[in-house]
file entry10.cif (mmCIF, C-alpha atoms)
data_run
#
loop_
_atom_site.label_atom_id
_atom_site.label_comp_id
_atom_site.auth_asym_id
_atom_site.auth_seq_id
_atom_site.Cartn_x
_atom_site.Cartn_y
_atom_site.Cartn_z
CA MET V 26 -45.82 44.86 28.11
CA VAL V 27 -46.28 44.26 31.82
CA ASN V 28 -44.80 46.57 34.39
CA ASN V 29 -41.65 46.05 36.43
CA GLN V 30 -43.32 43.91 39.05
CA GLY V 31 -44.67 41.45 36.44
CA GLN V 32 -41.25 41.04 34.84
CA LEU V 33 -39.74 40.18 38.14
CA TYR V 34 -42.41 37.58 38.84
CA THR V 35 -41.62 36.03 35.43
CA ILE V 36 -37.93 35.92 36.26
CA GLU V 37 -38.64 34.31 39.62
CA GLY V 38 -40.89 31.79 37.93
CA VAL V 39 -38.19 30.86 35.40
CA ALA V 40 -35.60 30.60 38.17
CA ALA V 41 -37.83 28.34 40.24
CA GLY V 42 -38.46 26.16 37.19
CA VAL V 43 -34.75 25.82 36.48
CA LEU V 44 -34.09 24.97 40.10
CA MET V 45 -36.72 22.23 40.09
CA VAL V 46 -35.50 20.72 36.83
CA VAL V 47 -31.87 20.74 38.01
CA THR V 48 -32.85 19.16 41.32
CA ALA V 49 -34.77 16.41 39.56
CA TYR V 50 -31.86 15.82 37.20
CA LEU V 51 -29.36 15.60 40.08
CA ILE V 52 -31.54 13.12 41.96
CA VAL V 53 -31.96 10.88 38.91
CA SER V 54 -28.30 11.00 37.86
CA SER V 55 -26.93 10.40 41.36
CA THR V 56 -28.01 6.76 41.19
CA THR V 57 -25.62 5.95 38.32
CA VAL V 58 -22.23 4.56 39.19
CA LEU V 59 -19.32 6.77 38.21
CA THR V 60 -16.04 5.09 37.36
CA PRO V 61 -12.75 6.89 37.85
CA GLN V 62 -11.96 8.31 34.47
CA ASP V 63 -8.23 8.82 34.54
CA VAL V 64 -7.43 5.13 35.03
CA HIS V 65 -8.22 4.23 31.43
CA ILE V 66 -6.00 6.95 30.03
CA ALA V 67 -3.07 5.88 32.20
CA ASP V 68 -3.63 2.22 31.29
CA MET V 69 -3.72 3.05 27.61
CA GLN V 70 -0.45 4.96 27.80
CA LEU V 71 1.22 2.22 29.82
CA GLU V 72 0.11 -0.43 27.33
CA GLN V 73 1.40 1.62 24.43
CA LEU V 74 4.74 2.12 26.17
CA GLY V 75 5.12 -1.59 26.88
CA ASN V 76 4.23 -2.59 23.33
CA ASP V 77 6.69 -0.06 21.92
CA ALA V 78 9.45 -1.35 24.20
CA LEU V 79 8.85 -4.93 23.06
CA VAL V 80 8.85 -3.85 19.40
CA ILE V 81 12.18 -2.08 19.91
CA LEU V 82 13.67 -5.19 21.49
CA ASP V 83 12.26 -7.48 18.79
CA THR V 84 13.60 -5.51 15.83
CA PRO V 85 16.43 -7.40 14.16
CA ASP V 86 19.71 -5.60 13.72
CA TYR V 87 19.67 -6.21 9.99
CA SER V 88 22.47 -4.99 7.84
CA ILE V 89 23.49 -5.81 4.30
CA LEU V 90 26.98 -6.64 5.65
CA ASN V 91 25.77 -9.45 7.88
CA SER V 92 22.48 -10.48 6.36
CA THR V 93 23.00 -14.10 7.33
CA GLY V 94 25.18 -13.70 10.40
CA SER V 95 24.18 -13.91 14.03
CA ALA V 96 23.69 -10.16 14.16
CA ASN V 97 20.56 -10.51 12.05
CA LYS V 98 18.62 -11.36 15.17
CA SER V 99 16.56 -9.22 17.46
CA LYS V 100 17.76 -8.55 20.99
CA LEU V 101 14.77 -10.46 22.29
CA GLN V 102 15.58 -13.49 20.15
CA MET V 103 19.19 -13.55 21.35
CA GLN V 104 18.08 -13.20 24.96
CA ILE V 105 15.67 -16.12 24.73
CA GLU V 106 18.14 -18.33 22.84
CA ASN V 107 21.30 -17.42 24.70
CA ASP V 108 21.60 -14.60 27.15
CA GLY V 109 18.78 -15.33 29.57
CA GLY V 110 16.24 -13.28 31.44
CA ALA V 111 18.60 -10.94 33.28
CA ALA V 112 19.80 -9.43 30.02
CA PHE V 113 16.21 -8.90 28.94
CA GLY V 114 15.26 -7.32 32.25
CA GLU V 115 18.09 -4.83 32.05
CA ASN V 116 17.19 -3.75 28.50
CA PHE V 117 13.46 -3.64 29.03
CA SER V 118 13.67 -1.75 32.29
CA ARG V 119 15.98 0.82 30.76
CA ILE V 120 13.59 1.44 27.86
CA ILE V 121 10.39 1.77 29.87
CA ASN V 122 11.95 3.81 32.67
CA SER V 123 13.88 6.33 30.64
CA LYS V 124 12.75 9.93 30.66
CA VAL V 125 13.57 13.00 28.64
CA ASN V 126 15.96 14.15 31.31
CA PRO V 127 18.63 11.43 31.35
CA SER V 128 19.43 11.88 35.05
CA GLU V 129 15.86 11.03 36.04
CA HIS V 130 14.14 7.71 35.69
CA ASP V 131 10.59 6.47 35.97
CA ASN V 132 9.37 3.87 38.43
CA LEU V 133 7.68 1.16 36.36
CA LYS V 134 7.90 -2.50 37.31
CA PHE V 135 7.24 -5.55 35.18
CA ASN V 136 7.03 -9.31 35.22
CA ALA V 137 7.77 -11.17 32.01
CA THR V 138 6.76 -14.73 31.14
CA LEU V 139 7.52 -16.90 28.13
CA PHE V 140 4.94 -19.22 26.62
CA SER V 141 6.04 -21.95 24.26
CA ARG V 142 4.41 -25.06 22.85
CA ASP V 143 6.07 -28.32 23.69
CA GLU V 144 6.27 -30.45 20.57
CA LEU V 145 6.02 -33.84 22.32
CA THR V 146 3.00 -33.24 24.51
CA GLY V 147 1.46 -30.46 22.45
CA SER V 148 0.75 -28.41 25.56
CA VAL V 149 1.63 -24.79 26.13
CA ILE V 150 4.26 -24.36 28.83
CA GLU V 151 4.87 -21.30 30.95
CA ILE V 152 8.42 -20.20 31.76
CA GLN V 153 9.37 -17.40 34.13
CA PHE V 154 11.44 -14.93 32.10
CA ASN V 155 12.38 -12.01 34.31
CA GLY V 156 10.97 -9.28 36.52
CA SER V 157 9.79 -8.28 39.96
CA GLN V 158 7.30 -10.09 42.13
CA TYR V 159 3.74 -9.22 41.15
CA TYR V 160 1.25 -8.66 43.95
CA ARG V 161 -2.10 -7.07 43.31
CA GLU V 162 -1.29 -3.76 41.70
CA ASN V 163 -3.33 -2.39 38.82
CA ALA V 164 -1.38 -3.76 35.85
CA VAL V 165 -1.66 -3.95 32.10
CA LYS V 166 -0.59 -6.88 29.93
CA VAL V 167 1.41 -6.54 26.74
CA ASN V 168 2.79 -9.32 24.60
CA ARG V 169 4.88 -10.03 21.56
CA TRP V 170 5.45 -12.99 19.25
CA VAL V 171 9.13 -13.81 18.94
CA TYR V 172 10.73 -16.15 16.47
CA VAL V 173 13.49 -18.27 18.03
CA ASN V 174 15.55 -21.26 17.07
CA PRO V 175 17.64 -22.37 20.06
CA THR V 176 19.55 -25.02 18.08
CA GLY V 177 23.23 -24.77 18.94
CA ALA V 178 22.68 -22.02 21.50
CA THR V 179 22.95 -21.98 25.29
CA ASN V 180 19.15 -22.37 25.49
CA PRO V 181 18.71 -21.21 29.10
CA PHE V 182 14.95 -21.88 29.05
CA VAL V 183 15.23 -25.46 27.69
CA LEU V 184 13.01 -24.87 24.67
CA ASN V 185 12.58 -27.42 21.87
CA SER V 186 15.46 -27.33 19.41
CA ARG V 187 13.54 -26.25 16.34
CA ASN V 188 12.26 -23.19 14.53
CA GLN V 189 9.45 -21.92 16.70
CA THR V 190 7.42 -18.98 17.80
CA VAL V 191 7.15 -18.11 21.50
CA LEU V 192 5.03 -15.50 23.18
CA VAL V 193 6.63 -13.00 25.54
CA GLU V 194 3.99 -11.73 27.94
CA VAL V 195 4.76 -8.77 30.18
CA LEU V 196 2.72 -7.48 33.07
CA LEU V 197 3.44 -3.80 33.56
CA TRP V 198 2.55 -1.63 36.50
CA ARG V 199 3.56 1.57 38.20
CA GLY V 200 5.30 0.60 41.41
CA MET F 967 -38.08 40.45 45.99
CA ALA F 968 -40.59 42.05 43.61
CA ARG F 969 -40.55 45.20 45.74
CA LEU F 970 -36.93 46.02 44.99
CA ASN F 971 -36.25 49.13 42.93
CA GLU F 972 -35.15 48.87 39.29
CA ASP F 973 -31.40 48.64 40.02
CA GLY F 974 -32.00 45.78 42.39
CA GLN F 975 -34.04 43.92 39.76
CA TRP F 976 -31.22 44.24 37.24
CA ILE F 977 -28.72 42.88 39.74
CA VAL F 978 -30.95 39.90 40.52
CA MET F 979 -31.57 39.14 36.83
CA MET F 980 -27.90 39.36 35.89
CA GLY F 981 -27.11 37.08 38.82
CA PHE F 982 -29.50 34.47 37.43
CA ILE F 983 -28.09 34.74 33.90
CA VAL F 984 -24.48 34.40 35.07
CA SER F 985 -25.22 31.44 37.34
CA ILE F 986 -27.16 29.58 34.63
CA THR F 987 -24.31 30.20 32.16
CA ILE F 988 -21.79 28.80 34.63
CA LEU F 989 -24.01 25.74 35.15
CA ILE F 990 -24.18 25.08 31.39
CA LEU F 991 -20.43 25.52 31.02
CA ALA F 992 -19.85 23.10 33.91
CA ILE F 993 -22.01 20.48 32.14
CA VAL F 994 -19.96 20.94 28.94
CA VAL F 995 -16.69 20.56 30.83
CA GLY F 996 -18.04 17.47 32.56
CA GLU F 997 -18.81 15.86 29.21
CA SER F 998 -15.21 16.24 28.04
CA ALA F 999 -13.91 13.91 30.76
CA LEU F 1000 -16.38 11.29 29.55
CA ILE F 1001 -15.08 11.63 26.01
CA GLY F 1002 -11.47 11.16 27.11
CA LYS F 1003 -12.51 8.03 28.94
CA THR F 1004 -14.33 6.44 26.04
CA THR F 1005 -11.54 7.07 23.52
CA SER F 1006 -8.90 5.53 25.77
CA GLU F 1007 -11.24 2.65 26.49
CA SER F 1008 -11.73 1.95 22.81
CA VAL F 1009 -7.99 2.16 22.23
CA LEU F 1010 -7.52 -0.44 24.98
CA GLU F 1011 -10.19 -2.67 23.52
CA PHE F 1012 -9.19 -2.52 19.87
CA SER F 1013 -6.54 -5.14 19.15
CA LYS F 1014 -4.39 -3.03 16.87
CA THR F 1015 -1.07 -4.10 18.35
CA ASP F 1016 -2.15 -7.76 18.42
CA ILE F 1017 -2.83 -7.71 14.69
CA GLN F 1018 0.31 -5.75 13.85
CA ASP F 1019 2.36 -8.13 15.95
CA LEU F 1020 0.85 -11.26 14.39
CA ARG F 1021 1.33 -9.85 10.91
CA SER F 1022 4.95 -8.90 11.51
CA GLU F 1023 5.70 -12.31 13.01
CA ILE F 1024 4.20 -14.16 10.05
CA LEU F 1025 6.01 -11.99 7.54
CA THR F 1026 9.27 -12.51 9.45
CA LEU F 1027 8.73 -16.27 9.27
CA ASN F 1028 8.04 -15.97 5.57
CA GLU F 1029 11.17 -13.91 5.02
CA LYS F 1030 13.26 -16.49 6.86
CA LYS F 1031 11.76 -19.23 4.60
CA ILE F 1032 10.32 -21.04 7.62
CA LEU F 1033 6.62 -20.74 6.82
CA ASN F 1034 6.99 -22.99 3.78
CA GLY F 1035 9.87 -25.05 5.18
CA SER F 1036 9.88 -28.28 7.16
CA ASP F 1037 9.02 -26.52 10.45
CA GLY F 1038 6.20 -24.52 8.89
CA MET F 1039 3.32 -26.49 10.36
CA ASP F 1040 4.98 -26.54 13.79
CA VAL F 1041 5.32 -22.79 13.85
CA ILE F 1042 1.70 -22.30 12.76
CA GLU F 1043 0.57 -24.67 15.51
CA ASP F 1044 2.67 -22.71 18.03
CA ILE F 1045 0.91 -19.50 17.13
CA GLN F 1046 -2.57 -21.05 17.04
CA ASN F 1047 -2.26 -22.87 20.37
CA ILE F 1048 -0.69 -20.01 22.29
CA SER F 1049 -3.19 -17.57 20.78
CA ILE F 1050 -6.15 -19.53 22.05
CA GLN F 1051 -4.72 -20.08 25.50
CA ARG F 1052 -3.11 -16.73 26.21
CA LYS F 1053 -4.78 -14.17 23.97
CA ASN F 1054 -8.31 -15.57 23.59
CA SER F 1055 -8.06 -15.28 19.84
CA ILE F 1056 -8.43 -17.65 16.93
CA VAL F 1057 -5.73 -17.47 14.29
CA GLU F 1058 -5.55 -19.19 10.92
CA ILE F 1059 -2.52 -19.05 8.69
CA ALA F 1060 -2.12 -20.63 5.28
CA SER F 1061 0.33 -20.05 2.50
CA TRP F 1062 0.47 -21.23 -1.09
CA ARG F 1063 2.35 -20.48 -4.28
CA ASP F 1064 0.86 -19.64 -7.65
CA ALA F 1065 3.57 -20.69 -10.12
CA LEU F 1066 1.82 -19.19 -13.14
CA ALA F 1067 1.50 -15.78 -11.59
CA ARG F 1068 4.88 -16.18 -9.83
CA THR F 1069 3.24 -15.12 -6.59
CA ASP F 1070 3.36 -16.35 -2.99
CA TYR F 1071 0.14 -15.86 -1.07
CA ILE F 1072 -0.24 -15.82 2.71
CA TYR F 1073 -3.67 -15.92 4.25
CA ILE F 1074 -3.94 -14.43 7.76
CA HIS F 1075 -7.09 -14.62 9.83
CA PHE F 1076 -7.48 -13.21 13.34
CA ASN F 1077 -10.60 -13.14 15.51
CA ASN F 1078 -10.74 -12.33 19.21
CA GLY F 1079 -14.52 -12.04 19.46
CA ILE F 1080 -14.51 -8.26 19.13
CA THR F 1081 -12.29 -7.66 16.15
CA ASN F 1082 -12.15 -9.82 13.05
CA TYR F 1083 -9.26 -9.38 10.67
CA ASN F 1084 -8.61 -11.11 7.34
CA GLU F 1085 -5.79 -10.52 4.95
CA VAL F 1086 -4.31 -12.15 1.89
CA TYR F 1087 -0.76 -10.97 1.54
CA ASP F 1088 0.87 -11.48 -1.84
CA GLU F 1089 4.47 -11.23 -2.90
CA TYR F 1090 6.09 -11.77 -6.29
CA TYR F 1091 9.07 -14.03 -6.43
#

call {"tool": "encode", "arguments": {"input": "entry10.cif", "output": "structure tokens"}}
result
Amino acid sequence: MVNNQGQLYTIEGVAAGVLMVVTAYLIVSSTTVLTPQDVHIADMQLEQLGNDALVILDTPDYSILNSTGSANKSKLQMQIENDGGAAFGENFSRIINSKVNPSEHDNLKFNATLFSRDELTGSVIEIQFNGSQYYRENAVKVNRWVYVNPTGATNPFVLNSRNQTVLVEVLLWRG
Amino acid sequence: MARLNEDGQWIVMMGFIVSITILILAIVVGESALIGKTTSESVLEFSKTDIQDLRSEILTLNEKKILNGSDGMDVIEDIQNISIQRKNSIVEIASWRDALARTDYIYIHFNNGITNYNEVYDEYY
């Protein structure tokens, strides 16, 4: 093979080649726009948390002892029919802000809205449910269909008195 | 540099090898952040919870005997109208009973432009 000097020239040649290729690659790739990558992961986790919280609240407290009684309703259904938005806010906030250590709590804020269809006009109406004022934070939206029938209940949101399905929509953000 | 003695050449060559290895490892590590981003993005985009929620609501209505009751059409219209306006998705729901087979069928269709979901749920009575 070649002597020591030749080997070193080869190594220098390879090194120079690598340097040129890397430089060209950096120049070409620097024109692409990079998006912050952690945002999506945080959004995904927040959305999952919000959906889980709504599922918990919309699970009926079914028992064979009171299969037809008023207890066979979900928390969310009772809050929309009777108890009002403050009761919902308290429950929802406690679920999303709880941590493993019970003396600590998270700092998530939300704004919940009800959407129901008015039977007379056929249009979808928007009702403020509960939550903090929303400005322009980076938020995710979660929602849940809820069956309600406000007949004979307090009906704090003045819904039609019939069997119906309303949509609970919650904006969720880290405040 | 070619005039260095043999020890010096070894040091220079090892330096090159180590630095190129570090560069390749850095590229591999950089790719992993991209993968984390795309998976969470696809989780956000895929309407899994929407479909689960719609399905559970319809089956709740069926269990409460509302879907085939006098308010059945009203409830279906609620879901269809609110879906289009708030969730950008088209929903079709139909239910029928096969007396010979003693089976109730519920047809559920969901389409939000990205995901299309069809199901015929059957239940013996």

call {"tool": "resolve_selection", "arguments": {"input": "entry10.cif", "expression": "the PyMOL selection byres ((chain F and resi 981-994) around 10)", "output": "NGL selection string"}}
result
(:V and (36-37 or 39-40 or 43-44 or 47)) or (:F and (975-980 or 995-999))

call {"tool": "residues_around", "arguments": {"input": "entry10.cif", "residues": "region 1020-1035 of chain F", "least_positions_apart": "6", "cutoff": "8 Å", "atoms": "only C-alpha atoms", "output": "number ranges by chain"}}
result
V: 170-172, 188; F: 1041-1042, 1061, 1074

call {"tool": "atom_distance", "arguments": {"input": "entry10.cif", "atom1": "CA of Ala1060 (chain F)", "atom2": "CA of Ile1017 (chain F)"}}
result
16.0 Å

call {"tool": "closest_residue", "arguments": {"input": "entry10.cif", "among": "V:Ser148, V:Thr179, V:Asn132, V:Asn155", "to": "chain F", "atoms": "all atoms listed in the file"}}
result
V:Ser148

call {"tool": "closest_residue", "arguments": {"input": "entry10.cif", "among": "F:Asn1047, F:Asn1084, F:Ser1013, F:Thr1069", "to": "chain V", "atoms": "all atoms listed in the file"}}
result
F:Asn1047

call {"tool": "resolve_selection", "arguments": {"input": "entry10.cif", "expression": "the PyMOL selection byres ((chain F and resi 1056) around 7)", "output": "ChimeraX atom specification"}}
result
/F:1046,1049-1050,1054-1055,1057-1058,1076-1078

call {"tool": "write_last_selection", "arguments": {"input": "entry10.cif", "atoms": "C-alpha atoms", "output": "PDB file, in the coordinates of the input"}}
result
ATOM      1  CA  GLN F1046      -2.570 -21.050  17.040  1.00  0.00           C
ATOM      2  CA  SER F1049      -3.190 -17.570  20.780  1.00  0.00           C
ATOM      3  CA  ILE F1050      -6.150 -19.530  22.050  1.00  0.00           C
ATOM      4  CA  ASN F1054      -8.310 -15.570  23.590  1.00  0.00           C
ATOM      5  CA  SER F1055      -8.060 -15.280  19.840  1.00  0.00           C
ATOM      6  CA  VAL F1057      -5.730 -17.470  14.290  1.00  0.00           C
ATOM      7  CA  GLU F1058      -5.550 -19.190  10.920  1.00  0.00           C
ATOM      8  CA  PHE F1076      -7.480 -13.210  13.340  1.00  0.00           C
ATOM      9  CA  ASN F1077     -10.600 -13.140  15.510  1.00  0.00           C
ATOM     10  CA  ASN F1078     -10.740 -12.330  19.210  1.00  0.00           C
TER      11      ASN F1078
END

call {"tool": "residues_around", "arguments": {"input": "entry10.cif", "residues": "Trp1062 (chain F)", "least_positions_apart": "3", "cutoff": "7 Å", "atoms": "only C-alpha atoms", "output": "JSON, numbers by chain"}}
result
{"F": [1070, 1071, 1072]}

call {"tool": "atom_distance", "arguments": {"input": "entry10.cif", "atom1": "CA of Gly200 (chain V)", "atom2": "CA of Glu162 (chain V)"}}
result
7.9 Å

call {"tool": "resolve_selection", "arguments": {"input": "entry10.cif", "expression": "the PyMOL selection byres ((chain V and resi 134) around 12)", "output": "ChimeraX atom specification"}}
result
/V:71,75,114-115,117-122,131-133,135-137,155-160,162-165,195-200

call {"tool": "closest_residue", "arguments": {"input": "entry10.cif", "among": "F:Asp1019, F:Glu1007, F:His1075, F:Arg1063", "to": "Tyr1090 (chain F)", "atoms": "all atoms listed in the file"}}
result
F:Arg1063

call {"tool": "closest_residue", "arguments": {"input": "entry10.cif", "among": "V:His65, V:Lys100, V:Lys166, V:His130", "to": "chain F", "atoms": "all atoms listed in the file"}}
result
V:His65

call {"tool": "atom_distance", "arguments": {"input": "entry10.cif", "atom1": "CA of Ser141 (chain V)", "atom2": "CA of Asn116 (chain V)"}}
result
21.8 Å

call {"tool": "closest_residue", "arguments": {"input": "entry10.cif", "among": "F:Gln1018, F:Asn971, F:Ser1006, F:Ser1036", "to": "chain V", "atoms": "all atoms listed in the file"}}
result
F:Ser1006

call {"tool": "residues_around", "arguments": {"input": "entry10.cif", "residues": "Arg169 (chain V)", "least_positions_apart": "2", "cutoff": "8 Å", "atoms": "all atoms listed in the file", "output": "PyMOL selection string"}}
result
(chain V and resi 76+79-80+167+171+192-194) or (chain F and resi 1019)

call {"tool": "residues_around", "arguments": {"input": "entry10.cif", "residues": "Ile66 (chain V)", "least_positions_apart": "5", "cutoff": "10 Å", "atoms": "all atoms listed in the file", "output": "number ranges by chain"}}
result
V: 71-72; F: 1002-1007, 1009-1010

call {"tool": "closest_residue", "arguments": {"input": "entry10.cif", "among": "F:Tyr1073, F:Arg1052, F:Asp1064, F:Met1039", "to": "Asp1016 (chain F)", "atoms": "only C-alpha atoms"}}
result
F:Arg1052

call {"tool": "axis_aligned_box", "arguments": {"input": "entry10.cif", "around": "region 170-173 of chain V", "padding_each_side": "3 Å", "output": "AutoDock Vina command-line options"}}
result
--center_x 9.5 --center_y -15.6 --center_z 17.9 --size_x 14.0 --size_y 11.3 --size_z 8.8
